[in-house]
file run21.txt (compact mmCIF, C-alpha atoms (C1' of nucleotides))
# COMPACT_ATOMS: atom_id res chain seq x y z
CA MET A 83 59.29 10.52 -81.20
CA ALA A 84 58.62 12.80 -84.15
CA LEU A 85 62.16 13.50 -85.35
CA ARG A 86 62.24 10.06 -86.95
CA HIS A 87 59.13 10.87 -88.91
CA ALA A 88 60.39 14.29 -89.88
CA VAL A 89 63.53 12.64 -91.27
CA LEU A 90 61.49 10.03 -93.13
CA ALA A 91 59.28 12.76 -94.61
CA ALA A 92 62.34 14.71 -95.73
CA LEU A 93 63.85 11.65 -97.42
CA LEU A 94 60.68 10.83 -99.35
CA ASP A 95 61.38 13.18 -102.21
CA GLU A 96 65.13 12.80 -102.56
CA GLU A 97 68.09 10.71 -101.51
CA LEU A 98 70.13 12.74 -99.03
CA SER A 99 73.26 12.47 -96.89
CA GLY A 100 73.39 13.30 -93.20
CA TYR A 101 75.18 16.50 -94.04
CA GLN A 102 72.58 17.56 -96.60
CA LEU A 103 69.80 16.74 -94.14
CA ALA A 104 71.56 18.77 -91.49
CA LYS A 105 71.55 21.78 -93.77
CA ALA A 106 67.88 21.28 -94.58
CA PHE A 107 67.01 21.01 -90.88
CA ASP A 108 69.04 24.03 -89.92
CA LEU A 109 67.66 27.51 -89.48
CA GLY A 110 67.83 28.32 -93.16
CA VAL A 111 65.54 25.88 -94.86
CA ALA A 112 63.73 24.01 -92.12
CA ASN A 113 60.23 25.00 -93.08
CA PHE A 114 58.65 22.11 -91.23
CA TRP A 115 61.03 20.97 -88.49
CA HIS A 116 64.30 21.90 -86.83
CA ALA A 117 67.16 19.73 -85.64
CA LEU A 118 70.92 19.84 -85.11
CA PRO A 119 73.42 17.74 -87.09
CA GLN A 120 74.24 15.53 -84.07
CA GLN A 121 70.60 14.59 -83.68
CA LEU A 122 70.33 13.74 -87.34
CA TYR A 123 73.41 11.52 -87.50
CA ALA A 124 72.18 9.65 -84.43
CA GLU A 125 68.67 9.33 -85.79
CA LEU A 126 69.91 8.13 -89.19
CA THR A 127 71.91 5.39 -87.47
CA ARG A 128 68.84 4.28 -85.53
CA LEU A 129 66.55 4.45 -88.58
CA GLU A 130 68.93 2.31 -90.60
CA LYS A 131 69.30 -0.20 -87.78
CA ASP A 132 65.49 -0.44 -87.64
CA GLY A 133 65.30 -0.96 -91.39
CA LEU A 134 63.22 2.15 -92.06
CA ILE A 135 65.86 3.68 -94.31
CA ALA A 136 68.62 2.21 -96.46
CA GLY A 137 72.00 3.88 -96.88
CA ARG A 138 74.50 3.49 -99.69
CA GLU A 139 78.12 4.61 -99.58
CA VAL A 140 79.19 7.08 -102.25
CA VAL A 141 82.95 7.24 -102.75
CA GLN A 142 84.26 10.68 -103.67
CA ASP A 143 87.77 11.73 -104.73
CA THR A 144 88.04 15.35 -103.80
CA ARG A 145 85.53 15.28 -100.89
CA PRO A 146 85.12 12.88 -97.95
CA ASN A 147 82.94 9.88 -98.73
CA LYS A 148 79.29 10.15 -97.84
CA ARG A 149 76.26 7.96 -97.28
CA LEU A 150 72.99 8.65 -99.10
CA PHE A 151 69.73 7.44 -97.54
CA THR A 152 66.40 6.32 -98.98
CA VAL A 153 63.14 5.38 -97.28
CA THR A 154 62.36 1.66 -97.37
CA GLU A 155 58.95 -0.02 -97.64
CA ALA A 156 58.97 -0.44 -93.87
CA GLY A 157 59.79 3.25 -93.48
CA LEU A 158 56.87 4.25 -95.63
CA ALA A 159 54.58 1.99 -93.57
CA GLU A 160 55.91 3.61 -90.39
CA LEU A 161 55.09 7.05 -91.79
CA GLU A 162 51.63 5.87 -92.76
CA ALA A 163 51.05 4.64 -89.20
CA PHE A 164 52.37 7.89 -87.78
CA THR A 165 50.01 9.89 -89.98
CA ALA A 166 47.04 7.92 -88.66
CA SER A 167 48.10 8.29 -85.02
CA VAL A 168 46.74 11.07 -82.83
CA ALA A 169 48.50 14.40 -83.18
CA LYS A 170 49.32 16.48 -80.15
CA PRO A 171 48.21 20.06 -80.37
CA SER A 172 51.10 22.33 -81.26
CA SER A 173 52.01 25.32 -79.17
CA ILE A 174 54.49 28.11 -79.56
CA ARG A 175 57.51 27.91 -77.25
CA ASP A 176 59.42 31.11 -77.61
CA ASP A 177 61.71 33.02 -75.24
CA LEU A 178 60.70 36.31 -76.79
CA ILE A 179 57.05 35.86 -75.85
CA VAL A 180 58.04 35.20 -72.25
CA LYS A 181 59.97 38.46 -72.27
CA VAL A 182 56.97 40.36 -73.59
CA GLN A 183 54.75 38.77 -70.93
CA ALA A 184 56.97 40.56 -68.41
CA ALA A 185 56.83 43.81 -70.41
CA ASP A 186 55.32 45.85 -67.57
CA HIS A 187 58.16 44.97 -65.21
CA VAL A 188 61.34 45.12 -67.33
CA ASP A 189 63.23 47.72 -69.33
CA PRO A 190 61.25 48.62 -72.51
CA GLN A 191 64.35 49.60 -74.50
CA THR A 192 65.84 46.13 -74.12
CA LEU A 193 62.56 44.63 -75.23
CA ILE A 194 62.32 46.94 -78.24
CA ALA A 195 65.83 45.93 -79.31
CA GLN A 196 64.98 42.23 -79.11
CA LEU A 197 61.71 42.66 -80.98
CA THR A 198 63.37 44.68 -83.71
CA GLU A 199 65.99 42.00 -84.20
CA ARG A 200 63.37 39.28 -84.36
CA ALA A 201 61.31 41.27 -86.86
CA ALA A 202 64.32 41.50 -89.16
CA PHE A 203 64.89 37.76 -88.85
CA ALA A 204 61.25 37.08 -89.64
CA ARG A 205 61.39 39.33 -92.71
CA ALA A 206 64.41 37.38 -93.97
CA LYS A 207 62.51 34.12 -93.56
CA VAL A 208 59.45 35.52 -95.30
CA ASP A 209 61.64 36.39 -98.28
CA LEU A 210 63.33 32.99 -98.20
CA PHE A 211 60.07 31.06 -98.08
CA GLY A 212 58.55 33.29 -100.77
CA GLY A 213 61.45 32.41 -103.05
CA LEU A 214 61.18 28.70 -102.31
CA LEU A 215 57.48 28.73 -103.15
CA ASP A 216 58.14 30.57 -106.42
CA ARG A 217 60.71 28.00 -107.42
CA MET A 218 58.47 25.06 -106.52
CA ARG A 219 55.47 26.19 -108.52
CA GLY A 220 57.50 27.45 -111.50
CA GLU A 221 55.36 29.03 -114.21
CA ARG A 222 52.07 27.88 -112.74
CA SER A 223 49.77 29.90 -110.51
CA GLU A 224 49.38 28.69 -106.94
CA GLU A 225 45.86 27.44 -107.59
CA GLU A 226 46.95 25.53 -110.65
CA PHE A 227 50.01 24.08 -108.96
CA LEU A 228 48.10 22.89 -105.90
CA ARG A 229 45.43 21.29 -108.11
CA TYR A 230 47.65 19.52 -110.63
CA GLY A 231 51.20 19.47 -109.23
CA GLU A 232 52.71 16.09 -108.29
CA ARG A 233 54.54 17.03 -105.10
CA ILE A 234 52.52 19.47 -103.04
CA GLY A 235 53.53 18.35 -99.52
CA PRO A 236 56.64 20.51 -99.27
CA TYR A 237 54.74 23.43 -100.81
CA LEU A 238 51.94 23.20 -98.25
CA THR A 239 54.34 23.05 -95.29
CA CYS A 240 56.26 25.99 -96.69
CA LEU A 241 53.01 27.95 -96.84
CA ARG A 242 52.57 27.32 -93.11
CA GLY A 243 56.11 28.47 -92.44
CA LEU A 244 55.53 31.62 -94.47
CA ALA A 245 52.32 32.48 -92.62
CA PHE A 246 54.04 31.82 -89.28
CA GLU A 247 56.92 34.16 -90.04
CA ARG A 248 54.55 36.84 -91.33
CA GLY A 249 52.76 36.49 -88.01
CA ASN A 250 56.04 36.93 -86.14
CA ARG A 251 57.01 39.95 -88.20
CA ASP A 252 53.65 41.69 -87.80
CA TRP A 253 53.41 40.99 -84.08
CA CYS A 254 56.96 42.21 -83.43
CA GLU A 255 56.36 45.40 -85.38
CA ARG A 256 53.06 46.05 -83.66
CA THR A 257 54.54 45.42 -80.23
CA VAL A 258 57.49 47.72 -80.91
CA ALA A 259 55.09 50.46 -82.01
CA VAL A 260 53.05 50.06 -78.81
CA LEU A 261 56.11 50.15 -76.56
CA ARG A 262 57.50 53.20 -78.36
CA GLU A 263 54.23 55.09 -77.99
CA ARG A 264 54.10 54.34 -74.29
CA GLU A 265 57.71 55.44 -73.89
CA ALA A 266 56.96 58.71 -75.68
CA ALA A 267 53.87 59.28 -73.50
CA ARG A 268 55.93 58.62 -70.36
CA ALA A 269 58.62 61.09 -71.43
CA THR A 270 56.19 63.97 -71.92
CA ARG A 271 54.41 63.29 -68.65
CA MET B 5 66.26 27.12 -69.35
CA ALA B 6 63.22 29.25 -70.14
CA LEU B 7 60.60 27.53 -68.01
CA ARG B 8 61.97 29.30 -64.95
CA HIS B 9 61.50 32.63 -66.65
CA ALA B 10 58.06 31.72 -67.91
CA VAL B 11 57.07 30.89 -64.32
CA LEU B 12 58.57 34.13 -63.03
CA ALA B 13 56.71 36.09 -65.71
CA ALA B 14 53.45 34.38 -64.79
CA LEU B 15 53.90 35.17 -61.10
CA LEU B 16 54.58 38.86 -61.73
CA ASP B 17 50.95 39.88 -61.87
CA GLU B 18 49.45 37.64 -59.19
CA GLU B 19 50.31 35.35 -56.33
CA LEU B 20 49.59 31.78 -57.46
CA SER B 21 49.80 28.22 -56.17
CA GLY B 22 51.40 25.37 -58.09
CA TYR B 23 47.97 24.07 -58.91
CA GLN B 24 46.78 27.41 -60.26
CA LEU B 25 49.96 27.75 -62.30
CA ALA B 26 49.46 24.26 -63.67
CA LYS B 27 46.03 25.24 -64.90
CA ALA B 28 47.37 28.41 -66.47
CA PHE B 29 50.15 26.47 -68.22
CA ASP B 30 47.84 23.75 -69.44
CA LEU B 31 46.29 23.61 -72.89
CA GLY B 32 43.45 25.95 -71.97
CA VAL B 33 45.05 29.22 -71.01
CA ALA B 34 48.71 28.91 -71.84
CA ASN B 35 48.87 31.77 -74.30
CA PHE B 36 52.60 32.19 -73.94
CA TRP B 37 54.07 28.89 -72.71
CA HIS B 38 53.09 25.31 -72.03
CA ALA B 39 54.14 22.98 -69.22
CA LEU B 40 52.85 20.03 -67.22
CA PRO B 41 52.07 20.14 -63.48
CA GLN B 42 55.08 17.95 -62.59
CA GLN B 43 57.44 20.35 -64.30
CA LEU B 44 55.91 23.28 -62.48
CA TYR B 45 56.08 21.77 -58.99
CA ALA B 46 59.71 20.84 -59.60
CA GLU B 47 60.55 24.27 -60.98
CA LEU B 48 58.80 26.04 -58.10
CA THR B 49 60.90 24.04 -55.64
CA ARG B 50 64.08 25.01 -57.46
CA LEU B 51 63.06 28.67 -57.81
CA GLU B 52 62.33 28.91 -54.11
CA LYS B 53 65.61 27.22 -53.21
CA ASP B 54 67.42 29.78 -55.40
CA GLY B 55 65.56 32.62 -53.72
CA LEU B 56 63.90 33.86 -56.89
CA ILE B 57 60.40 33.31 -55.51
CA ALA B 58 58.97 33.24 -52.00
CA GLY B 59 56.19 30.88 -50.94
CA ARG B 60 53.73 31.24 -48.10
CA GLU B 61 51.53 28.46 -46.74
CA VAL B 62 47.79 29.10 -46.80
CA VAL B 63 45.82 26.85 -44.45
CA GLN B 64 42.38 25.89 -45.71
CA ASP B 65 39.57 24.08 -43.90
CA THR B 66 37.54 22.50 -46.62
CA ARG B 67 40.38 22.15 -49.16
CA PRO B 68 43.97 20.87 -48.85
CA ASN B 69 46.45 23.51 -47.79
CA LYS B 70 48.31 25.30 -50.53
CA ARG B 71 51.39 27.42 -51.05
CA LEU B 72 51.20 30.76 -52.84
CA PHE B 73 54.29 32.15 -54.55
CA THR B 74 55.55 35.65 -55.24
CA VAL B 75 58.54 36.89 -57.20
CA THR B 76 61.36 38.27 -55.04
CA GLU B 77 63.73 41.15 -55.84
CA ALA B 78 66.30 38.59 -56.95
CA GLY B 79 63.68 36.97 -59.19
CA LEU B 80 62.90 40.26 -60.85
CA ALA B 81 66.61 40.86 -61.43
CA GLU B 82 66.89 37.38 -62.97
CA LEU B 83 64.03 38.19 -65.35
CA GLU B 84 65.65 41.48 -66.25
CA ALA B 85 68.88 39.65 -67.10
CA PHE B 86 66.98 37.06 -69.10
CA THR B 87 65.25 39.78 -71.10
CA ALA B 88 68.59 41.30 -72.02
CA SER B 89 70.11 37.95 -73.03
CA VAL B 90 70.09 36.75 -76.63
CA ALA B 91 66.88 35.11 -77.75
CA LYS B 92 66.97 31.99 -79.84
CA PRO B 93 64.84 32.15 -82.96
CA SER B 94 61.56 30.35 -82.45
CA SER B 95 60.44 27.62 -84.78
CA ILE B 96 57.28 25.62 -85.08
CA ARG B 97 57.58 21.98 -84.00
CA ASP B 98 54.37 20.26 -84.95
CA ASP B 99 53.57 16.64 -85.80
CA LEU B 100 50.79 17.72 -88.12
CA ILE B 101 53.15 19.66 -90.38
CA VAL B 102 55.38 16.60 -90.69
CA LYS B 103 52.36 14.62 -91.79
CA VAL B 104 51.46 17.18 -94.44
CA GLN B 105 55.08 17.18 -95.67
CA ALA B 106 54.47 13.51 -96.55
CA ALA B 107 51.09 14.31 -98.14
CA ASP B 108 52.03 12.96 -101.57
CA HIS B 109 52.92 9.55 -100.12
CA VAL B 110 50.24 8.81 -97.51
CA ASP B 111 46.47 8.38 -97.42
CA PRO B 112 44.75 11.76 -98.03
CA GLN B 113 41.61 10.81 -96.08
CA THR B 114 43.61 10.27 -92.90
CA LEU B 115 45.29 13.60 -93.40
CA ILE B 116 41.98 15.37 -94.01
CA ALA B 117 40.59 13.94 -90.78
CA GLN B 118 43.60 15.16 -88.79
CA LEU B 119 43.51 18.60 -90.34
CA THR B 120 39.78 18.94 -89.71
CA GLU B 121 40.26 18.07 -86.06
CA ARG B 122 43.08 20.55 -85.69
CA ALA B 123 41.05 23.27 -87.38
CA ALA B 124 38.27 22.76 -84.82
CA PHE B 125 40.79 22.94 -81.98
CA ALA B 126 42.26 26.14 -83.42
CA ARG B 127 38.79 27.71 -83.72
CA ALA B 128 38.15 26.94 -80.04
CA LYS B 129 41.40 28.65 -79.08
CA VAL B 130 40.63 31.65 -81.25
CA ASP B 131 37.35 32.05 -79.38
CA LEU B 132 39.03 31.57 -76.02
CA PHE B 133 41.75 34.12 -76.69
CA GLY B 134 39.23 36.56 -78.15
CA GLY B 135 37.26 36.36 -74.91
CA LEU B 136 40.36 36.82 -72.76
CA LEU B 137 41.34 39.91 -74.71
CA ASP B 138 37.83 41.36 -74.34
CA ARG B 139 37.95 40.84 -70.60
CA MET B 140 41.41 42.37 -70.24
CA ARG B 141 40.65 45.57 -72.09
CA GLY B 142 37.16 45.98 -70.61
CA GLU B 143 35.31 49.00 -71.96
CA ARG B 144 38.31 50.49 -73.71
CA SER B 145 39.22 50.07 -77.38
CA GLU B 146 42.37 48.11 -78.14
CA GLU B 147 44.27 51.23 -79.14
CA GLU B 148 43.28 53.03 -75.98
CA PHE B 149 44.06 50.06 -73.75
CA LEU B 150 47.49 49.49 -75.25
CA ARG B 151 48.32 53.18 -74.90
CA TYR B 152 47.12 53.79 -71.36
CA GLY B 153 46.55 50.40 -69.72
CA GLU B 154 48.81 49.43 -66.80
CA ARG B 155 49.36 45.76 -67.57
CA ILE B 156 49.75 45.18 -71.28
CA GLY B 157 52.25 42.27 -71.22
CA PRO B 158 49.64 39.52 -70.96
CA TYR B 159 47.50 41.26 -73.55
CA LEU B 160 50.34 41.44 -76.06
CA THR B 161 51.26 37.78 -75.63
CA CYS B 162 47.62 36.81 -75.98
CA LEU B 163 47.51 38.74 -79.26
CA ARG B 164 50.39 36.56 -80.52
CA GLY B 165 48.54 33.42 -79.45
CA LEU B 166 45.40 34.57 -81.22
CA ALA B 167 47.24 35.30 -84.47
CA PHE B 168 49.01 31.94 -84.26
CA GLU B 169 45.77 30.00 -83.84
CA ARG B 170 44.12 31.96 -86.64
CA GLY B 171 47.09 30.93 -88.77
CA ASN B 172 46.60 27.31 -87.79
CA ARG B 173 42.89 27.44 -88.54
CA ASP B 174 43.31 29.09 -91.94
CA TRP B 175 46.13 26.80 -93.02
CA CYS B 176 44.25 23.65 -91.97
CA GLU B 177 41.13 24.76 -93.82
CA ARG B 178 43.07 25.68 -96.93
CA THR B 179 44.98 22.40 -96.90
CA VAL B 180 41.79 20.38 -96.46
CA ALA B 181 40.23 22.21 -99.41
CA VAL B 182 43.28 21.47 -101.59
CA LEU B 183 43.34 17.77 -100.65
CA ARG B 184 39.59 17.43 -101.28
CA GLU B 185 39.86 19.04 -104.71
CA ARG B 186 42.66 16.69 -105.69
CA GLU B 187 40.69 13.69 -104.41
CA ALA B 188 37.69 14.78 -106.49
CA ALA B 189 39.88 15.26 -109.57
CA ARG B 190 41.39 11.80 -109.06
CA ALA B 191 37.95 10.17 -108.77
CA THR B 192 36.69 11.58 -112.10
CA ARG B 193 39.88 10.64 -113.94
C1' DG C 189 28.36 5.50 -54.75
C1' DC C 190 31.25 7.47 -58.21
C1' DC C 191 33.60 10.87 -60.46
C1' DC C 192 35.49 15.47 -60.57
C1' DG C 193 38.20 19.16 -58.53
C1' DC C 194 41.72 20.60 -55.27
C1' DA C 195 46.59 20.00 -54.06
C1' DT C 196 51.27 18.11 -54.43
C1' DG C 197 54.55 15.34 -55.66
C1' DT C 198 58.27 10.89 -57.30
C1' DA C 199 60.62 8.10 -60.88
C1' DA C 200 62.07 6.69 -65.33
C1' DG C 201 63.00 7.38 -69.88
C1' DG C 202 63.29 10.00 -74.13
C1' DC C 203 64.54 13.99 -76.69
C1' DG C 204 67.22 18.27 -77.44
C1' DT C 205 71.22 21.34 -76.63
C1' DT C 206 76.02 22.45 -75.79
C1' DA C 207 80.63 21.33 -76.10
C1' DC C 208 84.22 18.79 -78.14
C1' DA C 209 86.74 16.18 -81.99
C1' DT C 210 88.75 15.21 -86.71
C1' DG C 211 90.56 16.02 -91.26
C1' DA C 212 90.67 17.13 -96.18
C1' DT C 213 89.67 20.69 -100.04
C1' DT C 214 88.66 25.18 -102.14
C1' DA C 215 87.70 30.08 -102.47
C1' DA C 216 89.02 34.85 -100.76
C1' DT D 135 97.03 31.76 -95.07
C1' DT D 136 92.78 31.95 -93.22
C1' DA D 137 88.23 30.75 -93.35
C1' DA D 138 84.48 28.21 -95.07
C1' DT D 139 82.56 23.88 -96.89
C1' DC D 140 82.24 18.94 -96.93
C1' DA D 141 81.48 14.96 -93.89
C1' DT D 142 80.63 12.42 -89.59
C1' DG D 143 80.42 11.66 -85.20
C1' DT D 144 80.96 11.21 -79.18
C1' DA D 145 79.80 12.74 -74.46
C1' DA D 146 77.46 15.16 -70.89
C1' DC D 147 73.80 17.48 -69.27
C1' DG D 148 69.25 19.32 -68.89
C1' DC D 149 64.53 19.70 -70.18
C1' DC D 150 60.11 17.47 -71.35
C1' DT D 151 56.93 13.59 -71.29
C1' DT D 152 54.72 9.46 -69.46
C1' DA D 153 53.42 6.82 -65.76
C1' DC D 154 52.46 6.30 -61.04
C1' DA D 155 50.99 7.81 -56.17
C1' DT D 156 47.98 9.98 -52.45
C1' DG D 157 43.95 11.77 -50.10
C1' DC D 158 39.96 14.74 -48.89
C1' DG D 159 35.46 17.20 -50.16
C1' DG D 160 31.45 18.19 -52.99
C1' DG D 161 28.04 17.46 -56.64
C1' DC D 162 25.04 14.21 -59.50
call {"tool": "encode", "arguments": {"input": "run21.txt", "output": "structure tokens"}}
result
Amino acid sequence: MALRHAVLAALLDEELSGYQLAKAFDLGVANFWHALPQQLYAELTRLEKDGLIAGREVVQDTRPNKRLFTVTEAGLAELEAFTASVAKPSSIRDDLIVKVQAADHVDPQTLIAQLTERAAFARAKVDLFGGLLDRMRGERSEEEFLRYGERIGPYLTCLRGLAFERGNRDWCERTVAVLREREAARATR
Amino acid sequence: MALRHAVLAALLDEELSGYQLAKAFDLGVANFWHALPQQLYAELTRLEKDGLIAGREVVQDTRPNKRLFTVTEAGLAELEAFTASVAKPSSIRDDLIVKVQAADHVDPQTLIAQLTERAAFARAKVDLFGGLLDRMRGERSEEEFLRYGERIGPYLTCLRGLAFERGNRDWCERTVAVLREREAARATR
DNA sequence: GCCCGCATGTAAGGCGTTACATGATTAA
DNA sequence: TTAATCATGTAACGCCTTACATGCGGGC
């Protein structure tokens, strides 16, 4: 049950609507968790019912009305308890890695295409996260920001996301290079 | 539905029983996927029913009998199709990152303890994967092995696992250092 | 004598994904 | 006028996790 806590953590720094949360948890900006809009609307309903967040209706003229949510005292306590609870070890769960595991038995060209696509995606995320980090620390150097900044949580998680996507990019590129070399060697044999 | 394909990929290189698979997919050796024994036994039943794997009973005296599974032609075709299908982008899903996202609002000592524990776990995995890679490539250098070795799939996925755990280790250590520095600064204020 | 390893499952419940549904405004 | 953005959901299905169940053999 970690989606609740991810939502609570996201609402700590700013009041957000379900729609805004959905955008934050989508592929683009989710540097620490991923979820679909349906999950979020359902979870927000449950969180409010349990008194961990409080919503307030905002009436809009030109746009549909929306509900903005804030973390309550109880919600903060819940997060505190979650933080103290045992963490399960994380593991990657990625279709692409399964495909590479079977590399010796499937068509290399297909694999190369998939890896190339993923590398491009990873590069885009590296750029995105780099930009986010720049904006968060402003004029300050990273060292300075992390020592004296007020809100470093989102920065730290973004650093993890950045390193992860760099890892993806590098591994994909390396793997493509290996597969290409073997293909070339096979052709001249 | 990627567990099926992960199982198929794992059975490509050797005939395994459910129990052996369960060990491979457990925390210790799962360098490309993770699953619990119950999932695996259920999936093996389904895979056999669908004709993607074939099982043969091995009678043992001193131990309970077991069933060893091999990938069939149809199973290989299924894997081939899976490899060609679109891959979803992978994303990290990790309790610990959620906790760090809330770093500015929860007790730093608790967080430091969790991060320290995770760093130790990551170091253990780095060692484990390093050893596995050594054993796979034997006498050969990495370059040589990847160019001329016969089974490089498992090696490549293990490389991804190694890089991922190094990333975990480094990020945990860095984050602990940052939190400690801020705690020290707060104490002298 | 007790716990660990081998070997295989069932059952229930929670979480995530896919598909479907609605309806207004604004920019291309 | 067509598509994208804002805004919020319902329903069905499938995967993952947690708990429970069984039974023999070997080492400390």
call {"tool": "residues_around", "arguments": {"input": "run21.txt", "residues": "DA145 in chain D", "least_positions_apart": "2", "cutoff": "10 Å", "atoms": "all atoms listed in the file", "output": "list of chain:residue names"}}
result
C:DA207, C:DC208, D:DC147
call {"tool": "atom_distance", "arguments": {"input": "run21.txt", "atom1": "CA of Leu197 in chain A", "atom2": "CA of His116 in chain A"}}
result
21.7 Å
call {"tool": "residues_near_point", "arguments": {"input": "run21.txt", "point": "(45.2, 8.7, -53.9)", "cutoff": "12 Å", "atoms": "all atoms listed in the file", "output": "list in words"}}
result
DA195, DT196 and DG197 of chain C; DC154, DA155, DT156, DG157 and DC158 of chain D
call {"tool": "atom_distance", "arguments": {"input": "run21.txt", "atom1": "C1' of DC149 in chain D", "atom2": "CA of Arg122 in chain B"}}
result
26.5 Å
call {"tool": "residues_around", "arguments": {"input": "run21.txt", "residues": "range 77-91 of chain B", "least_positions_apart": "6", "cutoff": "10 Å", "atoms": "all atoms listed in the file", "output": "ChimeraX atom specification"}}
result
/A:176-178,180-182,184-185,187-193,195-197,199-200 /B:5-6,8-10,12-13,16,51-52,54-58
call {"tool": "atom_distance", "arguments": {"input": "run21.txt", "atom1": "CA of Glu187 in chain B", "atom2": "CA of Ala124 in chain B"}}
result
21.7 Å
call {"tool": "closest_residue", "arguments": {"input": "run21.txt", "among": "C:DA199, C:DC194, C:DG204, C:DT213", "to": "DA138 in chain D", "atoms": "all atoms listed in the file"}}
result
C:DT213
call {"tool": "closest_atom_pairs", "arguments": {"input": "run21.txt", "of": "chain A", "to": "chain C", "cutoff": "10 Å", "atoms": "all atoms listed in the file", "output": "Markdown table"}}
result
| residue | atom | partner | partner_atom | distance |
| --- | --- | --- | --- | --- |
| A:Met83 | CA | C:DC203 | C1' | 7.7 |
| A:Ala84 | CA | C:DC203 | C1' | 9.6 |
| A:Leu85 | CA | C:DC203 | C1' | 9.0 |
| A:Ala117 | CA | C:DG204 | C1' | 8.3 |
| A:Leu118 | CA | C:DT205 | C1' | 8.6 |
| A:Gln120 | CA | C:DT205 | C1' | 9.9 |
| A:Gln121 | CA | C:DG204 | C1' | 8.0 |
| A:Thr144 | CA | C:DT213 | C1' | 6.7 |
| A:Arg145 | CA | C:DT213 | C1' | 6.9 |
| A:Pro146 | CA | C:DA212 | C1' | 7.2 |
call {"tool": "write_last_selection", "arguments": {"input": "run21.txt", "atoms": "C-alpha atoms", "output": "compact mmCIF listing (two decimals), keeping the file's coordinate frame"}}
result
# COMPACT_ATOMS: atom_id res chain seq x y z
CA MET A 83 59.29 10.52 -81.20
CA ALA A 84 58.62 12.80 -84.15
CA LEU A 85 62.16 13.50 -85.35
CA ALA A 117 67.16 19.73 -85.64
CA LEU A 118 70.92 19.84 -85.11
CA GLN A 120 74.24 15.53 -84.07
CA GLN A 121 70.60 14.59 -83.68
CA THR A 144 88.04 15.35 -103.80
CA ARG A 145 85.53 15.28 -100.89
CA PRO A 146 85.12 12.88 -97.95
call {"tool": "decode", "arguments": {"input": "run21.txt", "residues": "chain D", "atoms": "C-alpha atoms (C1' of nucleotides)", "output": "compact mmCIF listing (two decimals), in the first residue's frame"}}
result
# COMPACT_ATOMS: atom_id res chain seq x y z
C1' DT D 135 -13.46 22.06 -37.40
C1' DT D 136 -10.49 19.19 -35.31
C1' DA D 137 -7.64 18.22 -31.68
C1' DA D 138 -5.85 19.04 -27.26
C1' DT D 139 -6.51 20.50 -22.44
C1' DC D 140 -9.18 20.66 -18.27
C1' DA D 141 -11.63 17.70 -14.98
C1' DT D 142 -13.46 13.43 -12.95
C1' DG D 143 -14.75 9.16 -12.72
C1' DT D 144 -16.81 3.51 -13.39
C1' DA D 145 -16.08 -1.42 -14.50
C1' DA D 146 -13.65 -5.56 -15.51
C1' DC D 147 -9.82 -8.14 -15.44
C1' DG D 148 -5.30 -9.75 -14.32
C1' DC D 149 -1.13 -9.70 -11.73
C1' DC D 150 1.23 -9.61 -7.22
C1' DT D 151 1.39 -10.31 -2.26
C1' DT D 152 0.23 -12.46 2.13
C1' DA D 153 -1.16 -16.25 4.58
C1' DC D 154 -1.80 -21.03 5.00
C1' DA D 155 -0.89 -26.18 4.08
C1' DT D 156 1.87 -30.63 3.63
C1' DG D 157 5.51 -34.00 4.26
C1' DC D 158 10.08 -36.30 4.04
C1' DG D 159 15.30 -36.31 4.83
C1' DG D 160 19.64 -34.63 6.69
C1' DG D 161 22.68 -31.94 9.69
C1' DC D 162 23.73 -29.80 14.39
